[in-house]
$ cat structure_36.csv   # CSV, C-alpha atoms and all ligand atoms
chain,number,residue,atom,x,y,z
Q,1,MET,CA,71.1,62.3,11.4
Q,2,GLU,CA,69.2,59.3,12.9
Q,3,SER,CA,66.0,61.4,13.3
Q,4,ILE,CA,66.1,62.5,9.7
Q,5,THR,CA,66.4,58.8,8.6
Q,6,LEU,CA,63.5,58.0,10.9
Q,7,PHE,CA,61.4,60.8,9.5
Q,8,PHE,CA,62.0,59.8,5.9
Q,9,THR,CA,61.3,56.1,6.6
Q,10,GLY,CA,58.1,57.1,8.3
Q,11,ALA,CA,57.1,59.4,5.5
Q,12,LEU,CA,57.9,56.7,2.9
Q,13,LEU,CA,55.8,54.1,4.9
Q,14,ALA,CA,52.9,56.5,5.1
Q,15,ALA,CA,53.1,57.3,1.4
Q,16,GLY,CA,53.2,53.5,0.7
Q,17,ILE,CA,50.1,52.8,2.7
Q,18,TYR,CA,48.3,55.8,1.1
Q,19,TRP,CA,49.3,54.5,-2.3
Q,20,PHE,CA,48.2,51.0,-1.5
Q,21,LEU,CA,44.8,52.0,-0.1
Q,22,CYS,CA,44.0,55.0,-2.1
Q,23,VAL,CA,46.0,55.4,-5.4
Q,24,LEU,CA,45.8,51.7,-6.3
Q,25,GLY,CA,42.2,52.7,-6.0
Q,26,PRO,CA,39.0,51.2,-4.8
Q,27,ALA,CA,37.7,48.6,-7.3
Q,28,GLU,CA,34.7,50.8,-7.8
Q,29,ARG,CA,35.0,54.5,-7.2
Q,30,LYS,CA,32.5,56.2,-4.8
Q,31,GLY,CA,31.7,52.7,-3.3
Q,32,LYS,CA,31.6,52.0,0.4
Q,33,ARG,CA,34.8,52.6,2.2
Q,34,ALA,CA,36.8,49.6,3.5
Q,35,VAL,CA,36.8,50.9,7.0
Q,36,ASP,CA,32.9,50.8,7.0
Q,37,LEU,CA,32.7,47.1,6.1
Q,38,SER,CA,30.1,45.5,8.4
Q,39,GLY,CA,27.9,42.3,8.6
Q,40,GLY,CA,24.8,44.2,7.5
Q,41,SER,CA,22.1,43.7,10.2
Q,42,ILE,CA,24.2,41.1,11.9
Q,43,SER,CA,26.1,42.3,15.0
Q,44,ALA,CA,29.9,42.2,14.6
Q,45,GLU,CA,30.5,39.4,17.0
Q,46,LYS,CA,28.0,37.1,15.2
Q,47,VAL,CA,29.3,37.5,11.7
Q,48,GLN,CA,31.6,34.5,11.8
Q,49,ASP,CA,28.9,32.2,13.2
Q,50,ASN,CA,26.4,33.4,10.6
Q,51,TYR,CA,29.0,32.8,7.9
Q,52,LYS,CA,29.5,29.2,9.1
Q,53,GLN,CA,25.7,28.6,9.2
Q,54,TYR,CA,25.3,30.0,5.7
Q,55,TRP,CA,28.2,27.8,4.4
Q,56,SER,CA,26.9,24.6,5.9
Q,57,PHE,CA,23.4,25.3,4.4
Q,58,PHE,CA,24.6,26.1,0.9
Q,59,ARG,CA,27.6,23.8,0.7
Q,60,ARG,CA,25.6,21.2,-1.3
Q,61,PRO,CA,22.9,23.3,-3.1
Q,62,LYS,CA,21.4,20.5,-5.0
Q,63,GLU,CA,20.6,18.7,-1.7
Q,64,ILE,CA,18.7,21.5,-0.1
Q,65,GLU,CA,15.6,19.8,1.1
Q,66,THR,CA,14.0,22.5,3.2
Q,67,ALA,CA,13.1,25.1,0.5
Q,68,ASP,CA,11.2,27.2,3.0
Q,69,LYS,CA,14.5,28.0,4.8
Q,70,VAL,CA,16.1,29.4,1.6
Q,71,PRO,CA,14.8,33.0,2.0
Q,72,ASP,CA,16.2,33.2,5.5
Q,73,PHE,CA,19.7,32.0,4.4
Q,74,VAL,CA,19.5,34.4,1.4
Q,75,ASP,CA,18.9,37.2,3.9
Q,76,THR,CA,21.9,36.1,5.9
Q,77,PHE,CA,24.0,35.9,2.7
Q,78,TYR,CA,23.1,39.6,1.9
Q,79,ASN,CA,23.9,40.7,5.4
Q,80,LEU,CA,27.4,39.2,4.9
Q,81,VAL,CA,28.1,40.4,1.4
Q,82,THR,CA,26.2,43.7,0.8
Q,83,ASP,CA,29.0,46.0,2.1
Q,84,ILE,CA,31.7,44.0,0.2
Q,85,TYR,CA,29.7,44.2,-3.0
Q,86,GLU,CA,29.1,47.9,-2.6
Q,87,TRP,CA,32.8,48.5,-1.8
Q,88,GLY,CA,34.2,46.4,-4.6
Q,89,TRP,CA,31.5,46.6,-7.3
Q,90,GLY,CA,29.1,49.5,-6.8
Q,91,GLN,CA,25.4,49.9,-6.1
Q,92,SER,CA,24.2,47.6,-8.9
Q,93,PHE,CA,24.6,44.0,-8.0
Q,94,HIS,CA,24.6,42.4,-11.4
Q,95,PHE,CA,26.6,41.9,-14.5
Q,96,SER,CA,26.3,43.4,-18.0
Q,97,PRO,CA,28.0,42.8,-21.3
Q,98,HIS,CA,31.3,44.6,-21.7
Q,99,ILE,CA,30.9,47.5,-24.2
Q,100,PRO,CA,34.1,48.6,-25.9
Q,101,GLY,CA,35.0,52.2,-25.2
Q,102,LYS,CA,32.5,52.4,-22.4
Q,103,SER,CA,33.1,52.3,-18.6
Q,104,HIS,CA,31.6,49.6,-16.4
Q,105,ARG,CA,29.4,52.2,-15.0
Q,106,ASP,CA,27.9,53.2,-18.4
Q,107,ALA,CA,27.6,49.5,-19.5
Q,108,THR,CA,25.7,48.8,-16.3
Q,109,ARG,CA,23.4,51.7,-16.7
Q,110,LEU,CA,22.6,50.8,-20.4
Q,111,HIS,CA,21.8,47.2,-19.3
Q,112,GLU,CA,19.4,48.6,-16.7
Q,113,GLU,CA,17.8,51.1,-19.1
Q,114,MET,CA,17.2,48.3,-21.6
Q,115,ALA,CA,15.0,46.5,-19.1
Q,116,VAL,CA,12.6,49.4,-18.6
Q,117,ASP,CA,12.6,50.2,-22.3
Q,118,LEU,CA,11.5,46.7,-23.0
Q,119,ILE,CA,8.5,46.9,-20.6
Q,120,GLN,CA,7.4,50.2,-22.3
Q,121,VAL,CA,6.2,52.2,-19.3
Q,122,LYS,CA,5.2,55.8,-19.3
Q,123,PRO,CA,6.3,58.6,-16.9
Q,124,GLY,CA,4.2,58.5,-13.8
Q,125,GLN,CA,3.3,54.8,-14.0
Q,126,LYS,CA,4.1,52.4,-11.2
Q,127,ILE,CA,6.5,49.6,-11.7
Q,128,LEU,CA,8.0,46.9,-9.5
Q,129,ASP,CA,11.7,46.0,-9.0
Q,130,VAL,CA,11.7,42.4,-7.8
Q,131,GLY,CA,14.8,41.9,-5.6
Q,132,CYS,CA,16.1,45.4,-5.7
Q,133,GLY,CA,19.4,45.2,-3.7
Q,134,VAL,CA,20.6,48.6,-2.7
Q,135,GLY,CA,18.8,50.1,-5.6
Q,136,GLY,CA,21.4,50.8,-8.3
Q,137,PRO,CA,19.1,49.7,-11.1
Q,138,MET,CA,16.1,51.3,-9.5
Q,139,ARG,CA,17.7,54.8,-9.5
Q,140,ALA,CA,18.9,54.4,-13.1
Q,141,ILE,CA,15.5,53.2,-14.2
Q,142,ALA,CA,13.5,55.9,-12.4
Q,143,SER,CA,15.8,58.7,-13.9
Q,144,HIS,CA,15.5,57.2,-17.4
Q,145,SER,CA,11.8,56.5,-17.5
Q,146,ARG,CA,10.4,58.9,-14.9
Q,147,ALA,CA,8.2,56.0,-13.7
Q,148,ASN,CA,7.6,55.5,-10.0
Q,149,VAL,CA,9.6,52.4,-8.9
Q,150,VAL,CA,8.7,50.2,-5.9
Q,151,GLY,CA,11.6,47.9,-5.0
Q,152,ILE,CA,11.3,44.8,-2.7
Q,153,THR,CA,14.2,43.0,-1.0
Q,154,ILE,CA,14.2,40.4,1.7
Q,155,ASN,CA,17.2,42.1,3.4
Q,156,GLU,CA,16.5,44.9,5.8
Q,157,TYR,CA,20.0,46.3,5.7
Q,158,GLN,CA,19.7,46.7,1.9
Q,159,VAL,CA,16.4,48.6,2.5
Q,160,ASN,CA,18.2,51.1,4.6
Q,161,ARG,CA,21.1,51.4,2.2
Q,162,ALA,CA,18.7,51.8,-0.7
Q,163,ARG,CA,16.6,54.5,1.0
Q,164,LEU,CA,19.8,56.4,1.9
Q,165,HIS,CA,21.1,56.3,-1.7
Q,166,ASN,CA,17.7,57.3,-3.0
Q,167,LYS,CA,17.6,60.3,-0.8
Q,168,LYS,CA,21.2,61.3,-1.6
Q,169,ALA,CA,20.4,61.0,-5.4
Q,170,GLY,CA,17.3,63.2,-5.0
Q,171,LEU,CA,15.2,60.3,-6.2
Q,172,ASP,CA,13.2,59.4,-3.1
Q,173,ALA,CA,10.0,60.9,-4.6
Q,174,LEU,CA,10.2,58.4,-7.4
Q,175,CYS,CA,11.7,55.4,-5.6
Q,176,GLU,CA,10.2,53.5,-2.7
Q,177,VAL,CA,11.7,50.4,-1.0
Q,178,VAL,CA,9.9,47.7,0.9
Q,179,CYS,CA,11.3,44.9,3.0
Q,180,GLY,CA,9.6,41.6,2.1
Q,181,ASN,CA,9.7,38.2,0.5
Q,182,PHE,CA,9.0,38.2,-3.2
Q,183,LEU,CA,7.3,34.8,-2.8
Q,184,GLN,CA,4.5,36.5,-0.8
Q,185,MET,CA,4.5,40.2,-1.7
Q,186,PRO,CA,2.6,42.7,0.4
Q,187,PHE,CA,1.0,44.3,-2.8
Q,188,ASP,CA,-2.6,44.2,-4.1
Q,189,ASP,CA,-3.6,42.2,-7.2
Q,190,ASN,CA,-3.4,44.0,-10.5
Q,191,SER,CA,-1.6,47.0,-9.0
Q,192,PHE,CA,1.5,47.5,-11.1
Q,193,ASP,CA,1.9,48.9,-14.7
Q,194,GLY,CA,5.1,46.8,-15.2
Q,195,ALA,CA,7.8,44.8,-13.4
Q,196,TYR,CA,11.4,43.8,-13.8
Q,197,SER,CA,13.9,41.6,-12.0
Q,198,ILE,CA,17.6,41.8,-12.5
Q,199,GLU,CA,19.6,38.7,-11.4
Q,200,ALA,CA,17.4,38.2,-8.4
Q,201,THR,CA,14.7,35.5,-9.0
Q,202,CYS,CA,17.6,32.9,-9.2
Q,203,HIS,CA,17.3,32.9,-5.4
Q,204,ALA,CA,13.8,31.5,-5.4
Q,205,PRO,CA,13.7,27.8,-4.6
Q,206,LYS,CA,10.8,27.5,-7.1
Q,207,LEU,CA,10.7,29.9,-10.0
Q,208,GLU,CA,7.0,29.2,-10.5
Q,209,GLU,CA,6.2,30.7,-7.1
Q,210,VAL,CA,7.9,34.1,-7.7
Q,211,TYR,CA,6.6,34.3,-11.3
Q,212,ALA,CA,3.1,33.6,-10.1
Q,213,GLU,CA,3.4,36.4,-7.5
Q,214,ILE,CA,4.6,38.9,-10.1
Q,215,TYR,CA,1.8,37.8,-12.4
Q,216,ARG,CA,-0.7,38.4,-9.6
Q,217,VAL,CA,0.4,42.0,-8.9
Q,218,LEU,CA,0.6,43.1,-12.5
Q,219,LYS,CA,-2.3,44.8,-14.3
Q,220,PRO,CA,-3.7,42.9,-17.3
Q,221,GLY,CA,-1.9,43.9,-20.5
Q,222,SER,CA,1.3,45.0,-18.7
Q,223,MET,CA,4.8,43.5,-19.1
Q,224,TYR,CA,7.5,41.9,-17.0
Q,225,VAL,CA,11.1,41.5,-18.0
Q,226,SER,CA,13.7,39.3,-16.2
Q,227,TYR,CA,17.5,38.8,-16.5
Q,228,GLU,CA,17.8,35.2,-15.3
Q,229,TRP,CA,20.8,33.2,-14.1
Q,230,VAL,CA,20.8,29.9,-16.1
Q,231,THR,CA,22.9,27.0,-17.4
Q,232,THR,CA,23.0,27.2,-21.2
Q,233,GLU,CA,22.7,24.5,-23.8
Q,234,LYS,CA,26.5,24.0,-23.5
Q,235,PHE,CA,26.2,22.6,-19.9
Q,236,LYS,CA,26.7,18.9,-19.8
Q,237,PRO,CA,25.7,17.3,-16.4
Q,238,GLU,CA,27.9,14.3,-17.2
Q,239,ASP,CA,31.0,16.6,-17.4
Q,240,ASP,CA,32.6,16.8,-13.9
Q,241,GLU,CA,34.2,20.1,-14.6
Q,242,HIS,CA,30.9,21.6,-15.6
Q,243,VAL,CA,29.3,20.4,-12.5
Q,244,GLU,CA,32.1,21.7,-10.3
Q,245,VAL,CA,31.8,25.2,-11.9
Q,246,ILE,CA,28.0,25.3,-11.5
Q,247,GLN,CA,28.1,24.1,-7.9
Q,248,GLY,CA,30.8,26.7,-7.2
Q,249,ILE,CA,28.6,29.4,-8.5
Q,250,GLU,CA,25.5,28.2,-6.6
Q,251,ARG,CA,27.2,27.9,-3.2
Q,252,GLY,CA,29.1,31.3,-3.5
Q,253,ASP,CA,25.9,33.1,-4.6
Q,254,ALA,CA,23.2,31.6,-2.3
Q,255,LEU,CA,21.4,29.8,-5.1
Q,256,PRO,CA,19.2,26.8,-4.3
Q,257,GLY,CA,20.1,25.2,-7.7
Q,258,LEU,CA,20.6,26.9,-11.1
Q,259,ARG,CA,17.9,26.4,-13.7
Q,260,ALA,CA,18.4,25.3,-17.3
Q,261,TYR,CA,17.6,28.1,-19.8
Q,262,VAL,CA,14.7,26.0,-21.3
Q,263,ASP,CA,12.9,26.1,-17.9
Q,264,ILE,CA,12.4,29.9,-17.9
Q,265,ALA,CA,9.8,30.4,-20.7
Q,266,GLU,CA,8.1,27.1,-19.6
Q,267,THR,CA,7.6,28.4,-16.1
Q,268,ALA,CA,6.5,31.9,-17.3
Q,269,LYS,CA,3.9,30.2,-19.6
Q,270,LYS,CA,2.7,27.9,-16.8
Q,271,VAL,CA,1.8,30.8,-14.5
Q,272,GLY,CA,-0.2,32.5,-17.4
Q,273,PHE,CA,2.3,34.9,-19.1
Q,274,GLU,CA,2.5,35.3,-22.9
Q,275,ILE,CA,6.2,35.2,-24.0
Q,276,VAL,CA,7.0,38.3,-26.0
Q,277,LYS,CA,10.7,37.8,-26.4
Q,278,GLU,CA,13.5,35.6,-25.1
Q,279,LYS,CA,17.2,36.1,-25.7
Q,280,ASP,CA,20.5,35.2,-24.0
Q,281,LEU,CA,22.1,38.7,-23.7
Q,282,ALA,CA,25.5,37.1,-23.0
Q,283,ALA,CA,25.6,35.2,-26.3
Q,284,PRO,CA,27.9,36.5,-29.0
Q,285,PRO,CA,28.2,39.0,-30.5
Q,286,ALA,CA,27.8,40.4,-27.0
Q,287,GLU,CA,31.3,41.1,-25.4
Q,288,PRO,CA,32.2,39.1,-22.3
Q,289,TRP,CA,30.3,40.0,-19.1
Q,290,TRP,CA,33.0,38.3,-17.1
Q,291,SER,CA,35.9,40.5,-18.3
Q,292,ARG,CA,35.2,42.9,-15.4
Q,293,LEU,CA,35.8,40.0,-13.0
Q,294,LYS,CA,39.1,39.2,-14.6
Q,295,MET,CA,40.4,42.7,-14.7
Q,296,GLY,CA,39.8,43.0,-11.0
Q,297,ARG,CA,42.5,40.5,-10.1
Q,298,LEU,CA,45.0,43.1,-8.7
Q,299,ALA,CA,42.1,44.8,-6.9
Q,300,TYR,CA,41.0,41.5,-5.3
Q,301,TRP,CA,44.5,40.9,-4.0
Q,302,ARG,CA,44.7,44.5,-2.6
Q,303,ASN,CA,41.2,44.0,-1.1
Q,304,HIS,CA,42.2,40.7,0.5
Q,305,VAL,CA,45.2,42.4,2.3
Q,306,VAL,CA,43.0,45.3,3.3
Q,307,VAL,CA,40.3,43.0,4.7
Q,308,GLN,CA,42.9,41.0,6.6
Q,309,ILE,CA,44.4,44.1,8.2
Q,310,LEU,CA,41.0,45.6,9.1
Q,311,SER,CA,39.8,42.3,10.6
Q,312,ALA,CA,43.1,41.8,12.6
Q,313,VAL,CA,42.8,45.3,14.1
Q,314,GLY,CA,39.1,44.8,14.9
Q,315,VAL,CA,37.7,47.4,12.5
Q,316,ALA,CA,36.0,44.8,10.3
Q,317,PRO,CA,34.0,42.0,12.0
Q,318,LYS,CA,35.7,38.6,12.4
Q,319,GLY,CA,34.5,36.5,9.6
Q,320,THR,CA,34.9,39.2,6.9
Q,321,VAL,CA,38.0,37.5,5.7
Q,322,ASP,CA,36.1,34.2,5.2
Q,323,VAL,CA,33.3,35.9,3.4
Q,324,HIS,CA,35.8,37.8,1.2
Q,325,GLU,CA,37.7,34.6,0.4
Q,326,MET,CA,34.4,32.9,-0.5
Q,327,LEU,CA,33.6,35.7,-3.0
Q,328,PHE,CA,37.2,35.6,-4.4
Q,329,LYS,CA,36.7,31.9,-5.2
Q,330,THR,CA,33.2,32.5,-6.5
Q,331,ALA,CA,34.6,35.1,-8.9
Q,332,ASP,CA,36.8,32.4,-10.4
Q,333,TYR,CA,33.9,30.0,-10.8
Q,334,LEU,CA,31.8,32.7,-12.5
Q,335,THR,CA,34.6,33.5,-14.9
Q,336,ARG,CA,35.0,29.8,-15.8
Q,337,GLY,CA,31.2,29.6,-16.3
Q,338,GLY,CA,31.4,32.6,-18.7
Q,339,GLU,CA,34.5,31.4,-20.5
Q,340,THR,CA,33.2,27.9,-21.1
Q,341,GLY,CA,29.8,29.3,-22.1
Q,342,ILE,CA,27.9,26.9,-19.8
Q,343,PHE,CA,26.4,29.7,-17.7
Q,344,SER,CA,24.7,33.0,-18.4
Q,345,PRO,CA,23.6,35.6,-15.8
Q,346,MET,CA,21.5,37.5,-18.4
Q,347,HIS,CA,19.0,35.1,-20.0
Q,348,MET,CA,16.4,37.8,-20.8
Q,349,ILE,CA,12.7,36.9,-20.9
Q,350,LEU,CA,10.0,39.5,-21.7
Q,351,CYS,CA,6.4,38.5,-20.9
Q,352,ARG,CA,3.0,40.0,-20.9
Q,353,LYS,CA,0.0,39.4,-18.6
Q,354,PRO,CA,-2.8,38.8,-21.1
Q,355,GLU,CA,-5.3,41.6,-21.4
Q,356,SER,CA,-8.1,39.1,-20.9
Q,357,SER,CA,-6.8,37.7,-17.6
Z,401,LIG,C1,23.6,38.4,-9.0
Z,401,LIG,C2,24.4,38.1,-8.0
Z,401,LIG,C3,25.6,38.9,-7.7
Z,401,LIG,C4,26.5,39.1,-8.9
Z,401,LIG,C5,27.7,40.0,-8.7
Z,401,LIG,C6,27.3,41.4,-8.4
Z,401,LIG,C7,28.6,39.4,-7.6
Z,401,LIG,C8,29.0,38.0,-7.8
Z,401,LIG,C9,30.4,37.8,-7.2
Z,401,LIG,C10,30.8,39.1,-6.5
Z,401,LIG,C11,32.2,39.5,-6.2
Z,401,LIG,C12,33.2,38.6,-6.4
Z,401,LIG,C13,34.6,38.9,-6.0
Z,401,LIG,C14,34.6,40.1,-5.0
Z,401,LIG,C15,36.1,40.5,-4.6
Z,401,LIG,C16,36.8,39.3,-4.1
Z,401,LIG,C17,36.1,41.7,-3.7
Z,401,LIG,O1,37.4,42.1,-3.4
Z,401,LIG,C18,35.3,42.9,-4.2
Z,401,LIG,C19,33.9,42.5,-4.5
Z,401,LIG,C20,33.8,41.3,-5.5
Z,401,LIG,C21,34.3,41.8,-6.9
Z,401,LIG,C22,32.3,40.8,-5.6
Z,401,LIG,C23,31.4,41.9,-6.2
Z,401,LIG,C24,30.0,41.4,-6.5
Z,401,LIG,C25,30.0,40.2,-7.4
Z,401,LIG,C26,30.7,40.4,-8.7
Z,401,LIG,C27,24.1,36.8,-7.2
Z,401,LIG,C28,24.4,36.8,-5.8
Z,401,LIG,C29,22.8,36.1,-7.5
Z,402,LIG,C1,22.1,39.9,-6.8
Z,402,LIG,S1,21.0,40.9,-5.9
Z,402,LIG,C2,20.4,41.9,-7.3
Z,402,LIG,C3,19.8,43.2,-6.8
Z,402,LIG,C4,19.4,44.2,-7.9
Z,402,LIG,N1,18.4,43.6,-8.8
Z,402,LIG,C5,20.6,44.7,-8.6
Z,402,LIG,O1,20.8,44.3,-9.8
Z,402,LIG,O2,21.3,45.5,-8.1
Z,402,LIG,C6,19.5,39.9,-5.6
Z,402,LIG,C7,18.5,40.6,-4.8
Z,402,LIG,O3,17.3,39.7,-4.6
Z,402,LIG,C8,16.9,39.8,-3.3
Z,402,LIG,N2,16.1,38.6,-2.9
Z,402,LIG,C9,16.6,37.3,-2.9
Z,402,LIG,N3,15.6,36.5,-2.5
Z,402,LIG,C10,14.5,37.3,-2.1
Z,402,LIG,C11,13.2,37.0,-1.6
Z,402,LIG,N4,12.8,35.8,-1.3
Z,402,LIG,N5,12.4,38.1,-1.5
Z,402,LIG,C12,12.8,39.3,-1.7
Z,402,LIG,N6,14.0,39.6,-2.2
Z,402,LIG,C13,14.9,38.6,-2.4
Z,402,LIG,C14,18.1,40.0,-2.5
Z,402,LIG,O4,17.8,40.5,-1.2
Z,402,LIG,C15,18.9,41.0,-3.4
Z,402,LIG,O5,18.4,42.3,-3.1
$ encode --input "structure_36.csv" --output "structure tokens" --more "lines below"
Ligand SMILES: C=C(CC[C@@H](C)[C@H]1CC[C@H]2C3=CC[C@H]4[C@H](C)[C@@H](O)CC[C@]4(C)[C@H]3CC[C@]12C)C(C)C
Ligand SMILES: C[S@@+](CC[C@H](N)C(=O)[O-])C[C@H]1O[C@@H](n2cnc3c(N)ncnc32)[C@H](O)[C@@H]1O
Amino acid sequence: MESITLFFTGALLAAGIYWFLCVLGPAERKGKRAVDLSGGSISAEKVQDNYKQYWSFFRRPKEIETADKVPDFVDTFYNLVTDIYEWGWGQSFHFSPHIPGKSHRDATRLHEEMAVDLIQVKPGQKILDVGCGVGGPMRAIASHSRANVVGITINEYQVNRARLHNKKAGLDALCEVVCGNFLQMPFDDNSFDGAYSIEATCHAPKLEEVYAEIYRVLKPGSMYVSYEWVTTEKFKPEDDEHVEVIQGIERGDALPGLRAYVDIAETAKKVGFEIVKEKDLAAPPAEPWWSRLKMGRLAYWRNHVVVQILSAVGVAPKGTVDVHEMLFKTADYLTRGGETGIFSPMHMILCRKPESS
């Protein structure tokens, strides 16, 4: 009798764990598995130290004095978060407006396809993805446009992940990934037929420097589109709550200070671009981009428990719990930024390098 009870208790426990980890579901299907969470290119025993260094550098983003150190800390940030992002969000590291009746995956893809439609490239032309992550947008854009896409990211771990995904998707003939700094790109002048950046140039300490680099590598007459992270006209620097939310977003997303929406076109013009179009894609009637963050509350809690267990048994590196906790808080600041309307992650700017340049 006792052994039967033991058997059923064991079976019930196993079913419970299975349900918790598998049926309750990964936040994003087909993402990375929890048991594969790593510190990117950082060895497991150094993850916690690197997290502490990252945190002390970005704790007061407005006070960052050594702008030249920013790319290194951004690189550290992506070593720490890339697996968690892939696990909990998917291969596209950006937001998109919610589209009623469509899945997150479809809304994400449409947001990406819009970028390449805007720059009007033809099949076979060569375009640049500035800050490509693990290449979610790159693959959607290459399939949609049949253009050749070259992506650049500062993070070597992402380069390897992106190349692996490109191969698996059968898109490695169209998609190439380069490890490098977008402030000094290893590309010739006038060598691209178009360029885009999706929620990436916000990491540049000076927007002017990255825009000038993009301008340099574009062929005259070709176009560049960017989805920028900005504070909107609703942001009031004298409001303590606004400041708290914006600082929370900056420090949890490795940003050396968010820019105001008015600075974007000004900077683009300053480096020589003509402005073709500018629009906040988050503004109504667009549906909330932050609803995906809110809907994930149960999944966050489940992920938190999973990360704690995996860290305690030594499967995930020590420090993963801290990084996950930081992201958990960041999700809340981002949601508050969206709900109050003081922040947008998709201020779109479409520019052209003049034909005469
Ligand atoms: C453009 C950038 C990244 C934007 C987003 C892709 C990410 C911003 C915050 C991230 C997340 C927050 C909460 C995490 C959650 C606690 C975890 O369980 C699963 C992953 C998260 C949902 C994670 C996913 C990616 C984000 C939404 C910045 C960096 C410029
Ligand atoms: C939030 S992710 C967005 C990635 C991708 N655009 C997407 O939407 O999936 C920001 C990307 O910018 C890259 N990045 C940040 N600073 C960089 C720099 N100085 N040089 C090159 N890439 C950089 C990061 O490595 C990361 O890949």
$ axis_aligned_box --input "structure_36.csv" --around "ligand LIG 401 (chain Z)" --padding-each-side "6 Å" --output "AutoDock Vina command-line options"
--center_x 30.1 --center_y 39.5 --center_z -6.2 --size_x 26.6 --size_y 18.8 --size_z 17.6
$ residues_around --input "structure_36.csv" --residues "stretch 160-165 of chain Q" --least-positions-apart "6" --cutoff "8 Å" --atoms "only C-alpha atoms" --output "list in words"
Gly133, Val134, Gly135, Asp172, Glu176 and Val177 of chain Q
$ residues_around --input "structure_36.csv" --residues "stretch 46-62 of chain Q" --least-positions-apart "4" --cutoff "12 Å" --atoms "all atoms listed in the file" --output "tab-separated table (two decimals) with C-alpha atoms, in the frame of the given file"
chain	number	residue	atom	x	y	z
Q	37	LEU	CA	32.70	47.10	6.10
Q	38	SER	CA	30.10	45.50	8.40
Q	39	GLY	CA	27.90	42.30	8.60
Q	40	GLY	CA	24.80	44.20	7.50
Q	41	SER	CA	22.10	43.70	10.20
Q	42	ILE	CA	24.20	41.10	11.90
Q	66	THR	CA	14.00	22.50	3.20
Q	67	ALA	CA	13.10	25.10	0.50
Q	69	LYS	CA	14.50	28.00	4.80
Q	70	VAL	CA	16.10	29.40	1.60
Q	71	PRO	CA	14.80	33.00	2.00
Q	72	ASP	CA	16.20	33.20	5.50
Q	73	PHE	CA	19.70	32.00	4.40
Q	74	VAL	CA	19.50	34.40	1.40
Q	75	ASP	CA	18.90	37.20	3.90
Q	76	THR	CA	21.90	36.10	5.90
Q	77	PHE	CA	24.00	35.90	2.70
Q	78	TYR	CA	23.10	39.60	1.90
Q	79	ASN	CA	23.90	40.70	5.40
Q	80	LEU	CA	27.40	39.20	4.90
Q	81	VAL	CA	28.10	40.40	1.40
Q	203	HIS	CA	17.30	32.90	-5.40
Q	205	PRO	CA	13.70	27.80	-4.60
Q	243	VAL	CA	29.30	20.40	-12.50
Q	244	GLU	CA	32.10	21.70	-10.30
Q	246	ILE	CA	28.00	25.30	-11.50
Q	247	GLN	CA	28.10	24.10	-7.90
Q	248	GLY	CA	30.80	26.70	-7.20
Q	249	ILE	CA	28.60	29.40	-8.50
Q	250	GLU	CA	25.50	28.20	-6.60
Q	251	ARG	CA	27.20	27.90	-3.20
Q	252	GLY	CA	29.10	31.30	-3.50
Q	253	ASP	CA	25.90	33.10	-4.60
Q	254	ALA	CA	23.20	31.60	-2.30
Q	255	LEU	CA	21.40	29.80	-5.10
Q	256	PRO	CA	19.20	26.80	-4.30
Q	257	GLY	CA	20.10	25.20	-7.70
Q	258	LEU	CA	20.60	26.90	-11.10
Q	259	ARG	CA	17.90	26.40	-13.70
Q	311	SER	CA	39.80	42.30	10.60
Q	316	ALA	CA	36.00	44.80	10.30
Q	317	PRO	CA	34.00	42.00	12.00
Q	318	LYS	CA	35.70	38.60	12.40
Q	319	GLY	CA	34.50	36.50	9.60
Q	320	THR	CA	34.90	39.20	6.90
Q	321	VAL	CA	38.00	37.50	5.70
Q	322	ASP	CA	36.10	34.20	5.20
Q	323	VAL	CA	33.30	35.90	3.40
Q	324	HIS	CA	35.80	37.80	1.20
Q	325	GLU	CA	37.70	34.60	0.40
Q	326	MET	CA	34.40	32.90	-0.50
$ atom_distance --input "structure_36.csv" --atom1 "atom CA of Q:Val121" --atom2 "atom C28 of ligand LIG 401 (chain Z)"
27.4 Å
$ residues_near_ligand --input "structure_36.csv" --ligand "ligand LIG 402 (chain Z)" --cutoff "8 Å" --atoms "all atoms listed in the file" --output "JSON, numbers by chain"
{"Q": [70, 71, 74, 75, 78, 91, 92, 93, 94, 95, 129, 130, 131, 132, 133, 134, 135, 136, 137, 138, 152, 153, 154, 155, 158, 179, 180, 181, 182, 183, 197, 198, 199, 200, 201, 202, 203, 204]}
$ residues_near_point --input "structure_36.csv" --point "(31.3, 50.7, 4.9)" --cutoff "9 Å" --atoms "only C-alpha atoms" --output "JSON, numbers by chain"
{"Q": [31, 32, 33, 34, 35, 36, 37, 38, 83, 84, 86, 87]}
$ atom_distance --input "structure_36.csv" --atom1 "atom CA of Q:Leu281" --atom2 "atom CA of Q:Pro345"
8.6 Å
$ closest_residue --input "structure_36.csv" --among "Q:Val307, Q:Ala299, Q:Ala169, Q:Val245" --to "Q:Gly341" --atoms "all atoms listed in the file"
Q:Val245
$ closest_residue --input "structure_36.csv" --among "Q:Gly10, Q:Pro186, Q:Pro354, Q:Gly90" --to "ligand LIG 401 (chain Z)" --atoms "all atoms listed in the file"
Q:Gly90
$ residues_around --input "structure_36.csv" --residues "Q:Val116" --least-positions-apart "4" --cutoff "10 Å" --atoms "only C-alpha atoms" --output "MDAnalysis selection string"
chainID Q and resid 111:112 120:122 127 137:138 140:142 144:145 147 194:196 223:225
$ residues_near_point --input "structure_36.csv" --point "(13.1, 35.6, -24.0)" --cutoff "6 Å" --atoms "only C-alpha atoms" --output "ChimeraX atom specification"
/Q:277-279,348-350
$ closest_residue --input "structure_36.csv" --among "Q:Glu287, Q:Glu238, Q:Asp68, Q:Glu228" --to "ligand LIG 401 (chain Z)" --atoms "only C-alpha atoms and all ligand atoms"
Q:Glu228
